[in-house]
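K.L.:
For reference, this is final-v5.cif, and it has mmCIF, C-alpha atoms.
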data_upload
#
loop_
_atom_site.label_atom_id
_atom_site.label_comp_id
_atom_site.auth_asym_id
_atom_site.auth_seq_id
_atom_site.Cartn_x
_atom_site.Cartn_y
_atom_site.Cartn_z
CA MET A 1 64.60 91.01 125.95
CA ILE A 2 64.55 94.43 124.30
CA LEU A 3 67.18 93.23 121.84
CA GLY A 4 65.00 90.19 121.07
CA GLU A 5 61.96 92.38 120.43
CA LEU A 6 64.01 94.63 118.19
CA SER A 7 65.23 91.59 116.29
CA LEU A 8 61.67 90.30 115.91
CA HIS A 9 60.47 93.73 114.78
CA HIS A 10 63.28 93.84 112.23
CA ALA A 11 62.80 90.27 110.96
CA VAL A 12 59.00 90.01 110.62
CA PRO A 13 58.71 91.98 107.33
CA TYR A 14 61.45 89.89 105.72
CA VAL A 15 60.00 86.55 106.87
CA ALA A 16 56.51 87.66 105.77
CA ALA A 17 57.84 88.84 102.40
CA ALA A 18 59.64 85.52 101.77
CA PHE A 19 56.50 83.48 102.51
CA ILE A 20 54.26 85.82 100.49
CA VAL A 21 56.60 85.54 97.49
CA PHE A 22 56.58 81.75 97.78
CA PHE A 23 52.78 81.55 97.97
CA ALA A 24 52.39 84.04 95.12
CA LEU A 25 54.74 81.99 92.95
CA ILE A 26 52.89 78.74 93.63
CA LEU A 27 49.50 80.41 93.10
CA LEU A 28 50.67 81.92 89.81
CA TYR A 29 51.90 78.51 88.68
CA LEU A 30 48.60 76.89 89.67
CA ALA A 31 46.62 79.66 87.92
CA ILE A 32 48.57 79.13 84.67
CA MET A 33 48.08 75.37 84.90
CA ALA A 34 44.36 75.85 85.66
CA GLY A 35 44.10 78.04 82.55
CA LYS A 36 45.66 75.27 80.44
CA LEU A 37 43.32 72.66 81.93
CA SER A 38 40.32 74.91 81.20
CA ARG A 39 41.45 75.18 77.58
CA ILE A 40 41.76 71.39 77.34
CA GLU A 41 38.26 71.00 78.81
CA ARG A 42 36.83 73.56 76.37
CA GLU A 43 38.52 71.95 73.36
CA LEU A 44 37.33 68.53 74.50
CA GLY A 45 33.80 69.90 74.69
CA GLU A 46 34.14 71.27 71.14
CA LEU A 47 35.24 67.84 69.94
CA THR A 48 32.72 65.67 71.75
CA GLU A 49 29.71 67.79 70.72
CA PRO A 50 29.95 67.28 66.91
CA ALA A 51 31.33 63.75 67.35
CA ALA A 52 28.21 62.74 69.25
CA HIS A 53 25.95 63.97 66.43
CA ARG A 54 28.02 62.61 63.55
CA PRO A 55 26.09 60.12 61.38
CA GLY A 56 27.46 56.63 61.87
CA ALA A 57 29.64 57.70 64.77
CA GLY A 58 31.16 54.65 66.41
CA ALA A 59 30.32 52.40 63.43
CA LYS A 60 33.38 53.49 61.41
CA ASP A 61 35.84 51.40 63.37
CA ALA A 62 33.58 48.37 63.51
CA PRO A 63 34.74 45.34 61.50
CA MET B 1 47.46 58.04 84.28
CA TYR B 2 49.38 60.69 86.25
CA GLY B 3 46.18 62.04 87.82
CA LYS B 4 45.67 58.83 89.76
CA ARG B 5 45.71 59.51 93.50
CA LEU B 6 46.63 63.16 92.78
CA ARG B 7 43.92 64.42 95.10
CA ALA B 8 45.22 62.32 98.02
CA LEU B 9 48.77 63.47 97.29
CA ALA B 10 47.69 67.13 97.16
CA LEU B 11 45.88 66.82 100.50
CA THR B 12 48.90 65.11 102.09
CA THR B 13 51.16 67.87 100.78
CA PHE B 14 48.85 70.57 102.13
CA ALA B 15 48.73 68.89 105.57
CA ALA B 16 52.52 68.38 105.63
CA LEU B 17 53.26 72.00 104.68
CA THR B 18 50.76 73.34 107.22
CA LEU B 19 52.25 71.17 109.98
CA THR B 20 55.79 72.19 109.01
CA TRP B 21 55.12 75.90 109.19
CA VAL B 22 53.06 75.67 112.37
CA LEU B 23 55.98 73.82 114.01
CA ALA B 24 58.51 76.23 112.48
CA PHE B 25 56.77 79.30 113.90
CA PHE B 26 55.34 78.00 117.19
CA TRP B 27 57.51 75.05 118.26
CA ALA B 28 61.04 75.55 116.94
CA PRO B 29 62.96 78.14 118.98
CA ASP B 30 64.48 81.25 117.43
CA ASP B 31 68.07 80.88 116.35
CA ALA B 32 70.60 82.46 118.77
CA ASP B 33 72.42 84.25 115.97
CA GLN B 34 69.75 84.91 113.33
CA GLY B 35 66.74 85.30 115.62
CA PHE B 36 63.30 85.21 113.98
CA LEU B 37 64.86 85.82 110.55
CA GLN B 38 66.11 82.20 110.58
CA LYS B 39 62.49 81.05 109.93
CA ILE B 40 63.11 81.88 106.26
CA PHE B 41 65.46 78.90 106.15
CA TYR B 42 62.58 76.46 106.69
CA LEU B 43 61.34 77.70 103.32
CA HIS B 44 64.47 78.73 101.43
CA VAL B 45 66.80 75.76 102.08
CA PRO B 46 64.31 72.91 101.38
CA LEU B 47 63.21 74.84 98.28
CA ALA B 48 66.83 75.00 97.08
CA ILE B 49 67.53 71.32 97.79
CA VAL B 50 64.32 70.21 96.06
CA THR B 51 65.11 72.46 93.08
CA LEU B 52 68.53 70.89 92.61
CA GLY B 53 67.04 67.43 93.17
CA GLY B 54 64.48 68.21 90.46
CA PHE B 55 67.24 69.10 88.01
CA VAL B 56 69.00 65.82 88.80
CA TYR B 57 65.74 63.91 88.28
CA GLY B 58 65.41 65.72 84.94
CA ALA B 59 68.84 64.32 84.00
CA VAL B 60 67.91 60.79 85.12
CA ALA B 61 64.70 60.93 83.05
CA ALA B 62 66.74 62.21 80.09
CA ILE B 63 69.09 59.21 80.42
CA MET B 64 66.04 56.93 80.41
CA HIS B 65 64.75 58.74 77.31
CA LEU B 66 67.99 58.21 75.42
CA ARG B 67 68.10 54.55 76.49
CA THR B 68 64.49 53.70 75.68
CA ARG B 69 63.52 56.36 73.07
CA ASP B 70 60.23 56.57 74.95
CA SER B 71 58.84 60.11 74.62
CA ARG B 72 57.21 59.86 78.05
CA TRP B 73 60.67 60.06 79.65
CA ASP B 74 61.37 63.21 77.63
CA MET B 75 58.13 64.69 78.95
CA ARG B 76 59.06 63.72 82.52
CA SER B 77 62.46 65.38 82.12
CA TYR B 78 60.89 68.49 80.56
CA VAL B 79 58.30 68.90 83.33
CA ALA B 80 60.91 68.27 86.06
CA ILE B 81 63.20 70.97 84.67
CA HIS B 82 60.34 73.38 84.07
CA LEU B 83 59.04 72.97 87.62
CA SER B 84 62.52 73.20 89.13
CA LEU B 85 63.04 76.49 87.30
CA VAL B 86 59.88 77.85 88.94
CA PHE B 87 61.10 76.65 92.34
CA GLY B 88 64.54 78.09 91.56
CA VAL B 89 63.07 81.55 91.04
CA GLY B 90 61.56 81.17 94.52
CA VAL B 91 64.97 80.20 95.92
CA LEU B 92 66.64 83.28 94.42
CA ILE B 93 63.95 85.67 95.68
CA THR B 94 63.64 84.21 99.20
CA GLY B 95 67.45 84.07 99.44
CA SER B 96 67.69 87.70 98.42
CA ILE B 97 65.11 88.69 101.02
CA TRP B 98 67.04 86.83 103.71
CA ALA B 99 70.34 88.44 102.58
CA ARG B 100 68.79 91.87 102.81
CA GLY B 101 67.56 91.19 106.36
CA SER B 102 70.77 89.56 107.54
CA TRP B 103 73.60 91.15 105.54
CA GLY B 104 71.92 94.41 104.56
CA VAL B 105 72.38 93.69 100.85
CA TRP B 106 70.10 91.99 98.29
CA TRP B 107 72.96 90.15 96.61
CA ASP B 108 76.63 89.42 97.30
CA TRP B 109 78.75 88.55 94.26
CA SER B 110 81.59 87.26 96.48
CA GLU B 111 79.42 84.53 97.98
CA PRO B 112 79.98 81.26 96.03
CA THR B 113 76.68 79.61 97.01
CA LEU B 114 74.62 82.47 95.61
CA VAL B 115 76.61 82.88 92.43
CA SER B 116 76.79 79.14 91.72
CA PHE B 117 73.02 78.77 92.16
CA LEU B 118 72.49 81.70 89.80
CA LEU B 119 74.81 80.00 87.28
CA VAL B 120 72.78 76.79 87.51
CA MET B 121 69.59 78.78 86.99
CA LEU B 122 71.02 80.64 83.99
CA LEU B 123 72.21 77.35 82.52
CA TYR B 124 68.74 75.83 82.81
CA ALA B 125 67.12 79.03 81.53
CA THR B 126 68.53 78.09 78.12
CA TYR B 127 66.73 74.72 78.12
CA GLN B 128 63.39 75.99 76.79
CA PRO B 129 64.91 78.23 74.08
CA LEU B 130 67.07 75.27 73.01
CA ARG B 131 64.00 73.09 72.60
CA PHE B 132 62.10 75.83 70.80
CA ALA B 133 64.99 76.38 68.38
CA ILE B 134 64.78 72.80 67.07
CA GLU B 135 61.77 72.14 64.87
CA ASP B 136 62.00 68.39 64.39
CA PRO B 137 60.40 66.82 67.52
CA GLU B 138 62.64 63.74 67.43
CA ARG B 139 65.85 65.78 67.22
CA GLN B 140 64.51 68.28 69.76
CA ALA B 141 63.90 65.49 72.28
CA ARG B 142 67.36 63.99 71.72
CA TYR B 143 69.26 67.29 72.00
CA ALA B 144 67.22 68.33 75.04
CA SER B 145 68.04 65.02 76.74
CA VAL B 146 71.76 65.49 76.09
CA PHE B 147 71.49 69.00 77.53
CA ALA B 148 69.55 67.77 80.58
CA ILE B 149 72.16 65.09 81.31
CA THR B 150 75.11 67.47 80.93
CA ALA B 151 73.50 70.20 83.03
CA GLY B 152 72.26 67.62 85.55
CA ALA B 153 75.81 66.34 86.04
CA PHE B 154 76.93 69.93 86.63
CA VAL B 155 74.50 70.31 89.57
CA PRO B 156 76.12 67.89 92.10
CA ILE B 157 79.65 68.81 90.93
CA ASN B 158 78.84 72.46 91.47
CA PHE B 159 77.31 71.69 94.89
CA VAL B 160 80.42 69.79 96.07
CA ILE B 161 82.86 72.43 94.79
CA VAL B 162 80.96 75.18 96.58
CA ARG B 163 80.92 73.16 99.82
CA LEU B 164 84.66 72.65 99.56
CA SER B 165 85.35 76.33 98.97
CA THR B 166 86.78 78.25 101.89
CA ALA B 167 84.35 81.19 102.06
CA TYR B 168 81.66 80.44 104.61
CA LEU B 169 79.72 83.65 104.58
CA HIS B 170 76.57 81.76 103.60
CA PRO B 171 75.24 79.90 106.66
CA ARG B 172 75.37 76.09 106.53
CA VAL B 173 72.18 74.38 107.59
CA LEU B 174 73.58 70.90 107.11
CA GLY B 175 77.30 70.63 107.41
CA ASN B 176 80.24 69.00 109.08
CA ILE B 177 82.18 72.19 109.71
CA SER B 178 80.19 73.94 112.42
CA GLY B 179 78.12 70.96 113.57
CA ASN B 180 74.68 69.80 112.53
CA LEU B 181 71.33 71.31 113.47
CA PRO B 182 70.32 70.84 117.08
CA GLY B 183 67.10 69.11 118.30
CA ARG B 184 63.92 70.91 117.27
CA PHE B 185 65.59 72.78 114.43
CA GLN B 186 66.54 69.45 112.88
CA VAL B 187 63.05 67.91 113.24
CA VAL B 188 61.36 70.93 111.62
CA PHE B 189 64.01 71.23 108.93
CA TYR B 190 63.68 67.59 107.80
CA LEU B 191 59.90 67.88 107.93
CA ALA B 192 60.15 71.01 105.76
CA LEU B 193 62.37 69.12 103.32
CA VAL B 194 59.87 66.25 103.05
CA SER B 195 56.96 68.70 102.67
CA MET B 196 58.72 70.63 99.92
CA ALA B 197 59.59 67.41 98.11
CA LEU B 198 55.91 66.40 98.36
CA LEU B 199 54.90 69.78 96.92
CA TRP B 200 57.30 69.29 94.01
CA ILE B 201 55.99 65.77 93.34
CA THR B 202 52.36 66.96 93.52
CA LEU B 203 52.95 69.83 91.08
CA TRP B 204 55.01 67.57 88.80
CA ARG B 205 52.19 65.04 88.64
CA TYR B 206 49.67 67.87 88.16
CA GLU B 207 51.60 69.21 85.18
CA MET B 208 52.20 65.71 83.78
CA THR B 209 48.43 65.06 84.00
CA SER B 210 47.76 68.29 82.14
CA LYS B 211 50.38 67.58 79.45
CA HIS B 212 49.15 64.00 79.00
CA ALA B 213 45.53 65.14 78.71
CA GLY B 214 46.58 67.76 76.14
CA ALA B 215 48.45 65.14 74.10
CA GLN B 216 45.47 62.77 74.19
CA LEU B 217 43.20 65.60 73.10
CA ARG B 218 45.42 66.45 70.12
CA ALA B 219 45.51 62.76 69.14
CA LEU B 220 41.72 62.60 69.37
CA ARG B 221 41.36 65.76 67.29
CA ARG B 222 43.61 64.26 64.62
CA ARG B 223 41.63 61.03 64.51
CA LEU B 224 38.32 62.84 64.28
CA SER B 225 39.50 65.22 61.57
CA GLY B 226 40.46 62.28 59.30
CA GLU B 227 43.45 61.34 57.19
CA ASP B 228 43.81 64.74 55.43
CA GLN B 229 45.38 66.29 58.52
CA GLN B 230 47.87 63.50 59.17
CA ASP B 231 50.65 65.08 57.13
CA THR B 232 50.24 68.63 58.36
CA GLN B 233 53.26 70.08 60.15
CA PRO B 234 52.66 70.41 63.92
CA ARG B 235 52.93 73.86 65.48
CA ARG B 236 56.49 74.58 66.66
CA SER B 237 56.69 74.15 70.41
CA ALA B 238 59.22 73.59 73.17
CA VAL B 239 56.85 71.05 74.76
CA PRO B 240 57.73 67.42 73.97
CA THR B 241 55.48 65.41 71.65
CA LEU B 242 54.17 62.31 73.35
CA GLY B 243 53.94 58.97 71.55
CA VAL B 244 50.15 58.98 71.94
CA GLU B 245 49.99 62.00 69.60
CA ALA B 246 51.90 60.25 66.84
CA GLY B 247 49.75 57.18 67.17
CA ALA B 248 52.54 55.16 68.78
CA PRO B 249 51.61 52.56 71.36
CA ARG B 250 51.48 53.98 74.89
#
How does this structure look as C-alpha cells?

P.N.:
Amino acid sequence: MILGELSLHHAVPYVAAAFIVFFALILLYLAIMAGKLSRIERELGELTEPAAHRPGAGAKDAP
Amino acid sequence: MYGKRLRALALTTFAALTLTWVLAFFWAPDDADQGFLQKIFYLHVPLAIVTLGGFVYGAVAAIMHLRTRDSRWDMRSYVAIHLSLVFGVGVLITGSIWARGSWGVWWDWSEPTLVSFLLVMLLYATYQPLRFAIEDPERQARYASVFAITAGAFVPINFVIVRLSTAYLHPRVLGNISGNLPGRFQVVFYLALVSMALLWITLWRYEMTSKHAGAQLRALRRRLSGEDQQDTQPRRSAVPTLGVEAGAPR
C-alpha cells in the first residue's frame, strides 16, 4: 500500500506533464490554424467590399 | 468541401477523447509493473501509431497524385505529413517524459524504438524544406510525392525491423512476445487508438478546409484583379498549389 502510494506520488507529475504537453501542442496547432482562418476571413472581407460597389459588378460575365 | 460535417466530427472526437481518458484514469487498473505511470501509454502509444499511419496515408495520397496529376491529392499528402509531424513531436516529448519517470533518463540511444522513431521524424523534417527549395509548383508537387512515397515505404519497414530486433527494453503494448493486453487495458487502449485517429482526421479536415478556402480566396482575388495579374509569379511557398487557383476544373 505504501509502495503504491509512493509510486503514485512519483508518477503523477510525469503523467500530468505528458498530458499538459499534448494539450499545449494541440492548442498551439489550433491557435495557428485559427490565425490563418482569421486572415482568410479578413482578406475575403477586403475583396467583397469593393466588389460589391464596383460599377457593373455581376454584369461582366453575362452573355 | 472538407468543412462538411466537420462540426459533428469535432464533437464526436471531443466526446471520444473525454470518454477514453475518464476510463483510463478511473476504470482501467494501474499496471502491476509500471503503476500509475502506465497511464501515459494511453496517450503516447496511440499518438505514435496514428502518426505513423498519417505518414503512410501521406504516401498513399502521393501515389494517387502521381497517378492522377490531381493537385488535391498533393494537398492531402502535404497536410497528412504536416499534421503527422506535429503529432510526432508529441510522441517524442511524451515518450521522453515516460522514459524519465520509468528509466530515470530522458533518452536512451541504445533503444531501437526511440532511435528509429527519431530517424523517421528527421526524415520527414526534410519534407517542407524540400518543397520550399523547388520554385516550380508542378515540379515541387512531383518531387514531394516521390519523397512522400519513398519515406512512407520506409515507415512500415522500419516498424517491422524494430519489432524483430532483440532488444526489448521498450515495453510492448501490442505484441506476441509477452502476451497481449489484458481485459480493461485492452478496451481502453483500443478506444484511445480510435479517439486519437478521430482527432487526426478532424484536424486533417480542419487544415484541408483552411487550405482549400485560402486557395479559393487567391483564385477569387486573381479573377477580381483582372488579366494583368495572370502572368505574375506566385510567391514561393512549400504549400501545394491547388487546381482551383490555376483556374483548372475542380

K.L.:
Got a sec to resolve the PyMOL selection byres ((chain A and resi 38-40) around 10) on this structure and send the residues as a list in words?

P.N.:
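Taken over the shown coordinates, the PyMOL selection byres ((chain A and resi 38-40) around 10) returns Ile32, Met33, Ala34, Gly35, Lys36, Leu37, Glu41, Arg42, Glu43, Leu44, Gly45 and Glu46 of chain A; Ser210, Lys211, Ala213, Gly214, Ala215, Gln216, Leu217 and Arg218 of chain B.
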
K.L.:
Could you dump the residues just selected with C-alpha atoms as a short mmCIF file (atom, residue, chain, number, x, y, z; two decimals), in the frame of the given file?

P.N.:
data_model
loop_
_atom_site.label_atom_id
_atom_site.label_comp_id
_atom_site.auth_asym_id
_atom_site.auth_seq_id
_atom_site.Cartn_x
_atom_site.Cartn_y
_atom_site.Cartn_z
CA ILE A 32 48.57 79.13 84.67
CA MET A 33 48.08 75.37 84.90
CA ALA A 34 44.36 75.85 85.66
CA GLY A 35 44.10 78.04 82.55
CA LYS A 36 45.66 75.27 80.44
CA LEU A 37 43.32 72.66 81.93
CA GLU A 41 38.26 71.00 78.81
CA ARG A 42 36.83 73.56 76.37
CA GLU A 43 38.52 71.95 73.36
CA LEU A 44 37.33 68.53 74.50
CA GLY A 45 33.80 69.90 74.69
CA GLU A 46 34.14 71.27 71.14
CA SER B 210 47.76 68.29 82.14
CA LYS B 211 50.38 67.58 79.45
CA ALA B 213 45.53 65.14 78.71
CA GLY B 214 46.58 67.76 76.14
CA ALA B 215 48.45 65.14 74.10
CA GLN B 216 45.47 62.77 74.19
CA LEU B 217 43.20 65.60 73.10
CA ARG B 218 45.42 66.45 70.12
#

K.L.:
Quick check: residues of chain B within 10 Å of chain A, only C-alpha atoms, returned as a PyMOL selection string.

P.N.:
chain B and resi 30+32+34-41+43-44+47+83+86-87+89-91+93-102+199+203+206-207+209-211+213-218+220-221+224-225

K.L.:
Neighbouring residues of stretch 139-151 of chain B were defined as those with any atom within 6 Å, considering only C-alpha atoms; residues of the same chain fewer than 5 positions away were excluded. Please report them as a compact mmCIF listing (two decimals) with C-alpha atoms, in the coordinates of the input.

P.N.:
# COMPACT_ATOMS: atom_id res chain seq x y z
CA ALA B 59 68.84 64.32 84.00
CA ALA B 62 66.74 62.21 80.09
CA ARG B 131 64.00 73.09 72.60
CA ILE B 134 64.78 72.80 67.07

K.L.:
Rounded to one decimal place, report the atom CA of B:Ala125-atom CA of B:His82 distance in Å.

P.N.:
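Distance between the two atoms: 9.2 Å.
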
K.L.:
Starting from the displayed file, determine the output of the PyMOL selection byres ((chain B and resi 120) around 10) and express the residue list as a ChimeraX atom specification.

P.N.:
/B:52,55,85,88,115-119,121-125,151-152,154-155,158

K.L.:
Nearest residue to B:Ala16 out of B:Ile157, B:Leu130, B:Met64, B:Leu198, using all atoms listed in the file?

P.N.:
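Going through B:Ile157, B:Leu130, B:Met64, B:Leu198 one by one, the smallest distance to B:Ala16 is for B:Leu198.
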
K.L.:
For a test of reading the model, state the distance in Å between atom CA of B:Phe159 and atom CA of B:Leu92, rounded to one decimal.

P.N.:
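Atom CA of B:Phe159 sits 15.8 Å away from atom CA of B:Leu92.
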
K.L.:
What do you get, as a JSON list (two decimals) with C-alpha atoms, keeping the file's coordinate frame, if you spell out every residue that the PyMOL selection byres ((chain B and resi 67-73) around 10) selects here?

P.N.:
[["chain", "number", "residue", "atom", "x", "y", "z"],
["B", 58, "GLY", "CA", 65.41, 65.72, 84.94],
["B", 60, "VAL", "CA", 67.91, 60.79, 85.12],
["B", 61, "ALA", "CA", 64.70, 60.93, 83.05],
["B", 62, "ALA", "CA", 66.74, 62.21, 80.09],
["B", 63, "ILE", "CA", 69.09, 59.21, 80.42],
["B", 64, "MET", "CA", 66.04, 56.93, 80.41],
["B", 65, "HIS", "CA", 64.75, 58.74, 77.31],
["B", 66, "LEU", "CA", 67.99, 58.21, 75.42],
["B", 74, "ASP", "CA", 61.37, 63.21, 77.63],
["B", 75, "MET", "CA", 58.13, 64.69, 78.95],
["B", 76, "ARG", "CA", 59.06, 63.72, 82.52],
["B", 77, "SER", "CA", 62.46, 65.38, 82.12],
["B", 78, "TYR", "CA", 60.89, 68.49, 80.56],
["B", 79, "VAL", "CA", 58.30, 68.90, 83.33],
["B", 137, "PRO", "CA", 60.40, 66.82, 67.52],
["B", 138, "GLU", "CA", 62.64, 63.74, 67.43],
["B", 141, "ALA", "CA", 63.90, 65.49, 72.28],
["B", 142, "ARG", "CA", 67.36, 63.99, 71.72],
["B", 145, "SER", "CA", 68.04, 65.02, 76.74],
["B", 208, "MET", "CA", 52.20, 65.71, 83.78],
["B", 212, "HIS", "CA", 49.15, 64.00, 79.00],
["B", 240, "PRO", "CA", 57.73, 67.42, 73.97],
["B", 241, "THR", "CA", 55.48, 65.41, 71.65],
["B", 242, "LEU", "CA", 54.17, 62.31, 73.35],
["B", 243, "GLY", "CA", 53.94, 58.97, 71.55],
["B", 244, "VAL", "CA", 50.15, 58.98, 71.94],
["B", 248, "ALA", "CA", 52.54, 55.16, 68.78],
["B", 250, "ARG", "CA", 51.48, 53.98, 74.89]]

K.L.:
Just to confirm, what's the straight-line distance from atom CA of B:Ala10 to atom CA of B:Thr202 in Å (one decimal)?

P.N.:
5.9 Å
